$ cat protein-v8.cif   # mmCIF, C-alpha atoms
data_query
loop_
_atom_site.label_atom_id
_atom_site.label_comp_id
_atom_site.auth_asym_id
_atom_site.auth_seq_id
_atom_site.Cartn_x
_atom_site.Cartn_y
_atom_site.Cartn_z
CA MET O 14 0.00 0.00 0.00
CA GLY O 15 1.62 3.22 -1.16
CA ASN O 16 -0.15 6.03 0.75
CA PHE O 17 -2.98 6.22 -1.79
CA GLN O 18 -5.44 9.00 -1.00
CA VAL O 19 -8.36 10.50 -2.83
CA SER O 20 -10.60 13.48 -2.10
CA ASP O 21 -13.15 15.39 -4.14
CA ASP O 22 -14.91 18.73 -4.44
CA LEU O 23 -17.87 19.89 -6.46
CA LEU O 24 -17.14 23.16 -8.22
CA ASP O 25 -19.41 25.70 -9.91
CA GLY O 26 -20.85 24.38 -13.13
CA ASP O 27 -21.22 20.88 -11.69
CA VAL O 28 -17.59 20.00 -12.30
CA ARG O 29 -16.34 17.37 -9.87
CA VAL O 30 -12.62 17.51 -9.12
CA LEU O 31 -11.08 14.31 -7.79
CA ARG O 32 -7.62 14.75 -6.28
CA VAL O 33 -5.51 11.63 -6.14
CA ALA O 34 -2.28 11.31 -4.16
CA GLY O 35 0.35 8.67 -3.51
CA GLU O 36 0.79 5.44 -5.42
CA VAL O 37 -2.06 4.04 -7.48
CA ASP O 38 -1.33 0.40 -8.25
CA PHE O 39 -3.16 -2.92 -8.63
CA ASP O 40 -3.59 -2.98 -4.84
CA VAL O 41 -5.69 0.20 -4.69
CA ALA O 42 -7.04 0.36 -8.27
CA PRO O 43 -10.34 -1.31 -7.21
CA GLN O 44 -10.79 1.38 -4.56
CA PHE O 45 -9.99 4.09 -7.13
CA LYS O 46 -12.49 2.56 -9.57
CA ARG O 47 -15.27 2.34 -6.94
CA ARG O 48 -14.76 6.00 -6.00
CA ILE O 49 -15.13 7.15 -9.62
CA SER O 50 -18.09 4.81 -10.21
CA SER O 51 -19.94 6.10 -7.17
CA LEU O 52 -19.56 9.69 -8.38
CA ILE O 53 -20.88 8.80 -11.84
CA GLU O 54 -23.74 6.81 -10.30
CA ALA O 55 -24.58 9.79 -8.09
CA GLY O 56 -24.98 11.91 -11.23
CA ASP O 57 -21.62 13.58 -11.84
CA ARG O 58 -20.97 14.03 -15.56
CA GLN O 59 -18.05 16.49 -15.69
CA LEU O 60 -15.04 14.99 -13.98
CA VAL O 61 -11.53 16.35 -13.54
CA ILE O 62 -9.05 13.85 -12.15
CA ASP O 63 -6.07 15.64 -10.64
CA LEU O 64 -3.01 13.38 -10.56
CA SER O 65 -0.60 16.16 -9.54
CA ALA O 66 0.18 14.54 -6.19
CA VAL O 67 0.47 11.02 -7.64
CA GLU O 68 3.93 9.48 -7.32
CA PHE O 69 3.18 6.32 -9.24
CA ILE O 70 0.35 5.07 -11.42
CA ASP O 71 0.37 1.61 -12.97
CA SER O 72 -1.40 0.15 -16.01
CA THR O 73 -4.30 -1.09 -13.89
CA ALA O 74 -5.05 2.43 -12.65
CA ILE O 75 -4.59 3.80 -16.17
CA GLY O 76 -7.20 1.22 -17.22
CA VAL O 77 -9.56 2.66 -14.59
CA LEU O 78 -9.15 6.11 -16.18
CA VAL O 79 -9.79 4.73 -19.68
CA GLY O 80 -12.90 2.96 -18.38
CA ALA O 81 -14.18 6.12 -16.72
CA ILE O 82 -13.68 8.14 -19.91
CA LYS O 83 -15.70 5.59 -21.90
CA ARG O 84 -18.40 5.37 -19.25
CA LEU O 85 -18.82 9.13 -19.06
CA ARG O 86 -18.87 9.52 -22.84
CA ALA O 87 -21.66 6.96 -23.03
CA VAL O 88 -23.86 9.15 -20.80
CA GLY O 89 -22.93 12.46 -22.42
CA GLY O 90 -20.30 13.40 -19.86
CA SER O 91 -16.59 13.98 -20.08
CA LEU O 92 -13.41 13.55 -18.10
CA ALA O 93 -10.14 15.46 -18.16
CA VAL O 94 -6.92 14.57 -16.37
CA VAL O 95 -4.53 17.06 -14.78
CA CYS O 96 -0.95 15.94 -14.33
CA ASP O 97 2.27 17.92 -14.28
CA ASN O 98 4.46 15.00 -13.18
CA ASP O 99 7.17 14.48 -15.84
CA ASP O 100 7.63 10.82 -14.88
CA VAL O 101 3.97 10.07 -15.51
CA HIS O 102 4.07 12.03 -18.79
CA ALA O 103 7.05 9.97 -19.95
CA ILE O 104 5.28 6.72 -19.06
CA PHE O 105 2.18 7.74 -21.03
CA GLU O 106 4.30 8.74 -24.03
CA ALA O 107 6.23 5.45 -23.97
CA VAL O 108 3.13 3.58 -25.14
CA GLY O 109 1.28 6.35 -26.96
CA LEU O 110 -1.27 6.91 -24.21
CA GLU O 111 -1.12 10.68 -24.35
CA ASN O 112 -3.59 10.56 -27.25
CA VAL O 113 -6.02 8.35 -25.32
CA ILE O 114 -5.82 10.27 -22.06
CA PRO O 115 -4.52 13.80 -22.63
CA LEU O 116 -2.66 15.07 -19.56
CA HIS O 117 -3.37 18.73 -18.88
CA GLY O 118 -0.84 20.91 -17.12
CA SER O 119 -3.37 22.92 -15.12
CA HIS O 120 -6.95 22.85 -13.88
CA GLN O 121 -7.73 25.68 -16.28
CA ASP O 122 -6.63 23.58 -19.27
CA ALA O 123 -8.64 20.63 -17.98
CA PHE O 124 -11.79 22.76 -17.55
CA ALA O 125 -11.33 24.05 -21.12
CA ALA O 126 -11.02 20.46 -22.37
CA LEU O 127 -14.27 19.51 -20.57
CA ALA O 128 -16.09 22.40 -22.21
CA VAL O 129 -14.87 21.30 -25.64
CA THR O 130 -15.69 17.62 -25.27
CA ALA O 131 -18.95 18.01 -23.32
CA MET R 28 11.37 -12.24 6.45
CA HIS R 29 11.17 -12.54 2.69
CA SER R 30 14.45 -11.16 1.50
CA LEU R 31 17.71 -12.91 1.11
CA ARG R 32 20.86 -11.06 0.23
CA LEU R 33 23.41 -13.18 -1.58
CA PRO R 34 27.14 -12.51 -1.42
CA SER R 35 28.37 -10.16 -4.12
CA PRO R 36 29.77 -11.77 -7.27
CA PRO R 37 33.50 -11.84 -7.88
CA GLU R 38 34.84 -8.74 -9.60
CA ARG R 39 35.30 -9.28 -13.31
CA ALA R 40 38.88 -8.83 -14.36
CA GLY R 41 39.63 -5.86 -16.56
CA ARG R 42 36.29 -4.11 -16.06
CA ALA R 43 36.56 -0.58 -14.79
CA ALA R 44 34.37 -0.33 -11.74
CA VAL R 45 32.10 2.72 -11.84
CA ALA R 46 30.28 1.84 -8.66
CA GLU R 47 30.56 -0.52 -5.73
CA PRO R 48 30.06 -4.15 -6.84
CA PHE R 49 26.35 -4.72 -7.12
CA GLU R 50 24.82 -7.11 -4.65
CA PRO R 51 22.28 -9.36 -6.35
CA VAL R 52 18.83 -9.52 -4.83
CA ASP R 53 16.79 -12.69 -4.49
CA LEU R 54 13.39 -12.00 -3.01
CA ARG R 55 10.36 -14.15 -2.32
CA LEU R 56 7.18 -12.10 -2.20
CA PRO R 57 3.80 -13.30 -0.97
CA ALA R 58 1.55 -13.23 -4.07
CA ARG R 59 -0.63 -10.41 -2.77
CA PRO R 60 -1.28 -6.95 -4.26
CA ALA R 61 -0.18 -5.35 -0.99
CA GLU R 62 3.36 -6.60 -1.70
CA LEU R 63 3.73 -4.52 -4.88
CA LYS R 64 5.01 -1.55 -2.93
CA ARG R 65 7.81 -3.66 -1.47
CA ALA R 66 8.74 -4.95 -4.94
CA ARG R 67 8.92 -1.37 -6.28
CA ASP R 68 10.99 -0.16 -3.33
CA CYS R 69 13.38 -3.04 -3.80
CA VAL R 70 13.90 -2.34 -7.52
CA ALA R 71 14.27 1.39 -6.83
CA ALA R 72 16.97 0.70 -4.23
CA ALA R 73 18.79 -1.70 -6.56
CA ALA R 74 18.63 0.78 -9.46
CA ALA R 75 20.06 3.51 -7.24
CA ASP R 76 22.82 1.16 -6.04
CA PHE R 77 23.66 0.32 -9.63
CA GLY R 78 23.98 3.98 -10.55
CA PHE R 79 20.83 4.48 -12.62
CA ALA R 80 19.68 8.04 -13.14
CA ARG R 81 16.26 8.85 -11.70
CA LYS R 82 14.31 8.57 -14.98
CA ALA R 83 15.82 5.20 -15.94
CA ALA R 84 15.20 3.94 -12.42
CA TYR R 85 11.56 5.03 -12.57
CA GLU R 86 11.09 3.25 -15.92
CA LEU R 87 12.59 0.03 -14.59
CA VAL R 88 10.46 0.21 -11.43
CA PHE R 89 7.38 0.72 -13.58
CA ALA R 90 8.21 -2.23 -15.86
CA VAL R 91 8.97 -4.63 -12.99
CA ASN R 92 5.81 -3.52 -11.17
CA GLU R 93 3.85 -4.59 -14.27
CA ALA R 94 5.56 -8.00 -14.29
CA VAL R 95 4.92 -8.56 -10.58
CA THR R 96 1.30 -7.43 -11.02
CA ASN R 97 0.85 -9.98 -13.83
CA ALA R 98 2.37 -12.73 -11.69
CA ILE R 99 0.02 -11.92 -8.82
CA LYS R 100 -3.01 -11.40 -11.06
CA HIS R 101 -2.65 -14.21 -13.60
CA GLY R 102 0.12 -16.46 -12.33
CA SER R 103 0.28 -19.17 -9.73
CA PRO R 104 2.25 -18.72 -6.56
CA ASP R 105 4.74 -21.28 -5.37
CA ARG R 106 3.70 -23.90 -2.79
CA ASP R 107 4.61 -21.43 -0.08
CA GLY R 108 2.37 -18.78 -1.65
CA THR R 109 5.16 -16.66 -3.03
CA ILE R 110 6.51 -15.42 -6.34
CA GLY R 111 10.16 -14.72 -7.06
CA LEU R 112 11.90 -11.45 -7.87
CA THR R 113 15.61 -11.46 -8.62
CA ILE R 114 17.77 -8.50 -9.56
CA GLY R 115 21.28 -8.94 -10.87
CA ALA R 116 23.93 -7.06 -12.78
CA GLU R 117 25.00 -8.21 -16.25
CA GLY R 118 27.72 -5.97 -17.57
CA ASP R 119 26.23 -2.48 -17.77
CA SER R 120 22.69 -3.76 -17.43
CA LEU R 121 20.44 -4.53 -14.54
CA VAL R 122 18.36 -7.66 -15.09
CA CYS R 123 15.16 -8.20 -13.14
CA SER R 124 13.35 -11.52 -13.32
CA VAL R 125 9.88 -12.20 -12.02
CA GLN R 126 8.89 -15.82 -11.68
CA ASP R 127 5.68 -17.55 -10.79
CA ALA R 128 4.94 -21.27 -10.67
CA GLY R 129 2.10 -21.30 -13.17
CA PRO R 130 1.95 -21.99 -16.89
CA PHE R 131 1.83 -18.90 -19.11
CA ILE R 132 -1.73 -17.95 -19.93
CA PRO R 133 -1.73 -15.95 -23.15
CA PRO R 134 -3.96 -12.87 -23.15
CA THR R 135 -7.39 -14.01 -24.37
CA GLU R 136 -8.17 -10.93 -26.40
CA LYS R 137 -6.06 -8.59 -28.40
CA PRO R 138 -6.49 -5.18 -26.81
CA GLU R 139 -7.59 -2.34 -29.02
CA PRO R 140 -4.73 0.07 -28.43
CA VAL R 141 -6.98 3.10 -28.30
CA SER R 142 -9.74 2.10 -25.95
CA ALA R 143 -8.56 -0.98 -24.05
CA GLU R 144 -8.89 -0.87 -20.30
CA SER R 145 -6.33 -3.60 -19.76
CA GLY R 146 -3.65 -5.53 -21.60
CA ARG R 147 -1.02 -2.80 -21.67
CA GLY R 148 1.42 -4.52 -19.33
CA PHE R 149 3.58 -6.12 -22.02
CA ALA R 150 3.61 -2.92 -24.07
CA PHE R 151 4.94 -1.03 -21.05
CA MET R 152 7.52 -3.69 -20.19
CA SER R 153 8.81 -3.70 -23.74
CA ALA R 154 8.82 0.10 -24.15
CA LEU R 155 10.50 0.88 -20.85
CA THR R 156 13.34 -1.65 -20.91
CA ASP R 157 16.10 -2.62 -23.36
CA GLU R 158 15.12 -6.26 -23.46
CA PHE R 159 11.91 -7.99 -22.50
CA GLU R 160 11.78 -11.76 -22.51
CA LEU R 161 9.02 -14.14 -21.58
CA LEU R 162 10.34 -17.59 -20.65
CA VAL R 163 7.61 -20.18 -20.60
CA LYS R 164 8.50 -23.35 -18.74
CA PRO R 165 6.33 -26.37 -17.90
CA ALA R 166 5.72 -25.23 -14.33
CA ALA R 167 6.93 -21.66 -14.32
CA THR R 168 6.57 -18.39 -16.15
CA VAL R 169 9.50 -16.00 -16.01
CA VAL R 170 9.53 -12.43 -17.21
CA ARG R 171 13.05 -11.14 -17.68
CA LEU R 172 13.60 -7.40 -18.01
CA ARG R 173 16.99 -5.97 -18.87
CA LYS R 174 17.75 -2.27 -18.68
CA LEU R 175 21.02 -0.70 -19.68
CA ARG R 176 22.61 1.79 -17.35
CA PRO R 177 22.82 5.03 -19.31
CA ALA R 178 26.47 5.85 -20.05
CA LEU R 179 28.09 8.19 -17.63
CA VAL R 180 29.12 11.54 -19.02
CA PRO R 181 32.76 11.02 -20.03
CA SER R 182 35.17 13.28 -18.26
CA ALA R 183 37.00 15.54 -20.68
#
$ encode --input "protein-v8.cif" --output "structure tokens"
Amino acid sequence: MGNFQVSDDLLDGDVRVLRVAGEVDFDVAPQFKRRISSLIEAGDRQLVIDLSAVEFIDSTAIGVLVGAIKRLRAVGGSLAVVCDNDDVHAIFEAVGLENVIPLHGSHQDAFAALAVTA
Amino acid sequence: MHSLRLPSPPERAGRAAVAEPFEPVDLRLPARPAELKRARDCVAAAAADFGFARKAAYELVFAVNEAVTNAIKHGSPDRDGTIGLTIGAEGDSLVCSVQDAGPFIPPTEKPEPVSAESGRGFAFMSALTDEFELLVKPAATVVRLRKLRPALVPSA
């Protein structure tokens, strides 16, 4: 267990921001997935996942993000990811993931992306 | 106690030592997701010992974490409930091997690269290391990951 933590806030315009910290691996990915699912089930449609405080994210957790993007799209919602961690950027680029899950450098950029894809 | 430190290998004649001789690591990990953190910490420490720069170390940790995850998720533990992780030096490379006691189960579906939610483990392992080998034995599956230590900046 790598000090995984998650907290969320509802902002103006019904945008839910989910802040994730620590290490998100196969051990905590189910917990991460349940948290996102419960928000979508409760009616959230505009989701910003902030990975700025994440030290490590594995392919299982990346799969959770891909699943959430698909799930939200299916109900007319959208999801944007904020991450300014160079290590995580490099990992995404290594397998061409940056086109599947764009990583935004700031909340502002992520909000703009939501508005475009919504 | 799951770790066992083996004595360091004899120094190879004629090779200029750039760091202290690397001590190989031979670890048995209980096949539980909660052990992934320990596996990552162990690889990170070995990579630092071996003189890897931060980025290369992170890439190796990521790749090995994927291999250990696969072994826990799809593999079979040994009779004592563990999987193996060894780390050794081969020339200028660090070689990490992850072994479980089960037969290799090939992925059932080809992931669509764009939208797949899983199945990226091998792509990561191959992209983030210099050599990625899958050794399928009758009663064991071994993933071997080799990463070259980036050359040190030559002194002028």
$ residues_near_point --input "protein-v8.cif" --point "(-21.0, 13.3, -13.2)" --cutoff "10 Å" --atoms "only C-alpha atoms" --output "PDB file with C-alpha atoms, keeping the file's coordinate frame"
ATOM      1  CA  LEU O  23     -17.870  19.890  -6.460  1.00  0.00           C
ATOM      2  CA  ASP O  27     -21.220  20.880 -11.690  1.00  0.00           C
ATOM      3  CA  VAL O  28     -17.590  20.000 -12.300  1.00  0.00           C
ATOM      4  CA  ARG O  29     -16.340  17.370  -9.870  1.00  0.00           C
ATOM      5  CA  ILE O  49     -15.130   7.150  -9.620  1.00  0.00           C
ATOM      6  CA  SER O  50     -18.090   4.810 -10.210  1.00  0.00           C
ATOM      7  CA  SER O  51     -19.940   6.100  -7.170  1.00  0.00           C
ATOM      8  CA  LEU O  52     -19.560   9.690  -8.380  1.00  0.00           C
ATOM      9  CA  ILE O  53     -20.880   8.800 -11.840  1.00  0.00           C
ATOM     10  CA  GLU O  54     -23.740   6.810 -10.300  1.00  0.00           C
ATOM     11  CA  ALA O  55     -24.580   9.790  -8.090  1.00  0.00           C
ATOM     12  CA  GLY O  56     -24.980  11.910 -11.230  1.00  0.00           C
ATOM     13  CA  ASP O  57     -21.620  13.580 -11.840  1.00  0.00           C
ATOM     14  CA  ARG O  58     -20.970  14.030 -15.560  1.00  0.00           C
ATOM     15  CA  GLN O  59     -18.050  16.490 -15.690  1.00  0.00           C
ATOM     16  CA  LEU O  60     -15.040  14.990 -13.980  1.00  0.00           C
ATOM     17  CA  VAL O  61     -11.530  16.350 -13.540  1.00  0.00           C
ATOM     18  CA  LEU O  85     -18.820   9.130 -19.060  1.00  0.00           C
ATOM     19  CA  VAL O  88     -23.860   9.150 -20.800  1.00  0.00           C
ATOM     20  CA  GLY O  89     -22.930  12.460 -22.420  1.00  0.00           C
ATOM     21  CA  GLY O  90     -20.300  13.400 -19.860  1.00  0.00           C
ATOM     22  CA  SER O  91     -16.590  13.980 -20.080  1.00  0.00           C
ATOM     23  CA  LEU O  92     -13.410  13.550 -18.100  1.00  0.00           C
TER      24      LEU O  92
END
$ closest_residue --input "protein-v8.cif" --among "O:Pro115, O:Asp97, O:Ile70, O:Asp63" --to "Ile82 (chain O)" --atoms "all atoms listed in the file"
O:Pro115
$ interface_residues --input "protein-v8.cif" --of "chain R" --to "chain O" --cutoff "12 Å" --atoms "all atoms listed in the file" --output "VMD selection string"
chain R and resid 58 to 68 81 to 100 138 to 156
$ atom_distance --input "protein-v8.cif" --atom1 "CA of Thr113 (chain R)" --atom2 "CA of His101 (chain R)"
19.1 Å
$ atom_distance --input "protein-v8.cif" --atom1 "CA of Gly78 (chain R)" --atom2 "CA of Val37 (chain O)"
26.2 Å
$ residues_around --input "protein-v8.cif" --residues "Ser103 (chain R)" --least-positions-apart "5" --cutoff "9 Å" --atoms "all atoms listed in the file" --output "ChimeraX atom specification"
/R:58,98,108-110,127-130,167
$ atom_distance --input "protein-v8.cif" --atom1 "CA of Val67 (chain O)" --atom2 "CA of Cys69 (chain R)"
19.5 Å
$ residues_around --input "protein-v8.cif" --residues "region 168-172 of chain R" --least-positions-apart "6" --cutoff "6 Å" --atoms "all atoms listed in the file" --output "PyMOL selection string"
chain R and resi 122-127+130-131+158-162
$ write_last_selection --input "protein-v8.cif" --atoms "C-alpha atoms" --output "compact mmCIF listing (two decimals), keeping the file's coordinate frame"
# COMPACT_ATOMS: atom_id res chain seq x y z
CA VAL R 122 18.36 -7.66 -15.09
CA CYS R 123 15.16 -8.20 -13.14
CA SER R 124 13.35 -11.52 -13.32
CA VAL R 125 9.88 -12.20 -12.02
CA GLN R 126 8.89 -15.82 -11.68
CA ASP R 127 5.68 -17.55 -10.79
CA PRO R 130 1.95 -21.99 -16.89
CA PHE R 131 1.83 -18.90 -19.11
CA GLU R 158 15.12 -6.26 -23.46
CA PHE R 159 11.91 -7.99 -22.50
CA GLU R 160 11.78 -11.76 -22.51
CA LEU R 161 9.02 -14.14 -21.58
CA LEU R 162 10.34 -17.59 -20.65
$ build_atoms --input "protein-v8.cif" --residues "region 20-42 of chain O" --atoms "N, CA and C atoms" --output "CSV table (one decimal), keeping the file's coordinate frame"
chain,number,residue,atom,x,y,z
O,20,SER,N,-9.6,12.6,-2.7
O,20,SER,CA,-10.6,13.5,-2.1
O,20,SER,C,-11.3,14.2,-3.3
O,21,ASP,N,-12.5,14.7,-3.0
O,21,ASP,CA,-13.2,15.4,-4.1
O,21,ASP,C,-13.9,16.6,-3.7
O,22,ASP,N,-14.2,17.5,-4.6
O,22,ASP,CA,-14.9,18.7,-4.4
O,22,ASP,C,-15.8,19.0,-5.6
O,23,LEU,N,-17.0,19.5,-5.4
O,23,LEU,CA,-17.9,19.9,-6.5
O,23,LEU,C,-17.7,21.4,-6.7
O,24,LEU,N,-17.4,21.8,-7.9
O,24,LEU,CA,-17.1,23.2,-8.2
O,24,LEU,C,-18.4,23.7,-8.9
O,25,ASP,N,-18.4,25.0,-9.1
O,25,ASP,CA,-19.4,25.7,-9.9
O,25,ASP,C,-19.5,25.0,-11.3
O,26,GLY,N,-20.7,25.0,-11.8
O,26,GLY,CA,-20.8,24.4,-13.1
O,26,GLY,C,-20.9,22.9,-13.1
O,27,ASP,N,-21.1,22.3,-11.9
O,27,ASP,CA,-21.2,20.9,-11.7
O,27,ASP,C,-20.0,20.1,-12.2
O,28,VAL,N,-18.8,20.7,-12.0
O,28,VAL,CA,-17.6,20.0,-12.3
O,28,VAL,C,-17.1,19.4,-11.0
O,29,ARG,N,-16.9,18.1,-11.0
O,29,ARG,CA,-16.3,17.4,-9.9
O,29,ARG,C,-14.8,17.2,-10.1
O,30,VAL,N,-14.1,17.7,-9.1
O,30,VAL,CA,-12.6,17.5,-9.1
O,30,VAL,C,-12.2,16.4,-8.1
O,31,LEU,N,-11.5,15.4,-8.6
O,31,LEU,CA,-11.1,14.3,-7.8
O,31,LEU,C,-9.6,14.4,-7.7
O,32,ARG,N,-9.1,14.6,-6.5
O,32,ARG,CA,-7.6,14.8,-6.3
O,32,ARG,C,-7.1,13.4,-5.8
O,33,VAL,N,-6.1,12.9,-6.5
O,33,VAL,CA,-5.5,11.6,-6.1
O,33,VAL,C,-4.1,11.9,-5.7
O,34,ALA,N,-3.7,11.2,-4.6
O,34,ALA,CA,-2.3,11.3,-4.2
O,34,ALA,C,-1.7,9.9,-3.8
O,35,GLY,N,-0.4,9.9,-3.9
O,35,GLY,CA,0.4,8.7,-3.5
O,35,GLY,C,0.6,7.7,-4.7
O,36,GLU,N,0.5,6.4,-4.4
O,36,GLU,CA,0.8,5.4,-5.4
O,36,GLU,C,-0.5,4.7,-5.8
O,37,VAL,N,-0.8,4.7,-7.0
O,37,VAL,CA,-2.1,4.0,-7.5
O,37,VAL,C,-1.7,2.8,-8.3
O,38,ASP,N,-1.7,1.7,-7.6
O,38,ASP,CA,-1.3,0.4,-8.2
O,38,ASP,C,-2.5,-0.6,-8.2
O,39,PHE,N,-2.2,-1.8,-8.6
O,39,PHE,CA,-3.2,-2.9,-8.6
O,39,PHE,C,-3.8,-3.2,-7.3
O,40,ASP,N,-3.1,-2.8,-6.2
O,40,ASP,CA,-3.6,-3.0,-4.8
O,40,ASP,C,-4.8,-2.0,-4.6
O,41,VAL,N,-4.7,-0.8,-5.0
O,41,VAL,CA,-5.7,0.2,-4.7
O,41,VAL,C,-6.6,0.6,-5.9
O,42,ALA,N,-6.2,0.0,-7.1
O,42,ALA,CA,-7.0,0.4,-8.3
O,42,ALA,C,-8.5,0.1,-8.1
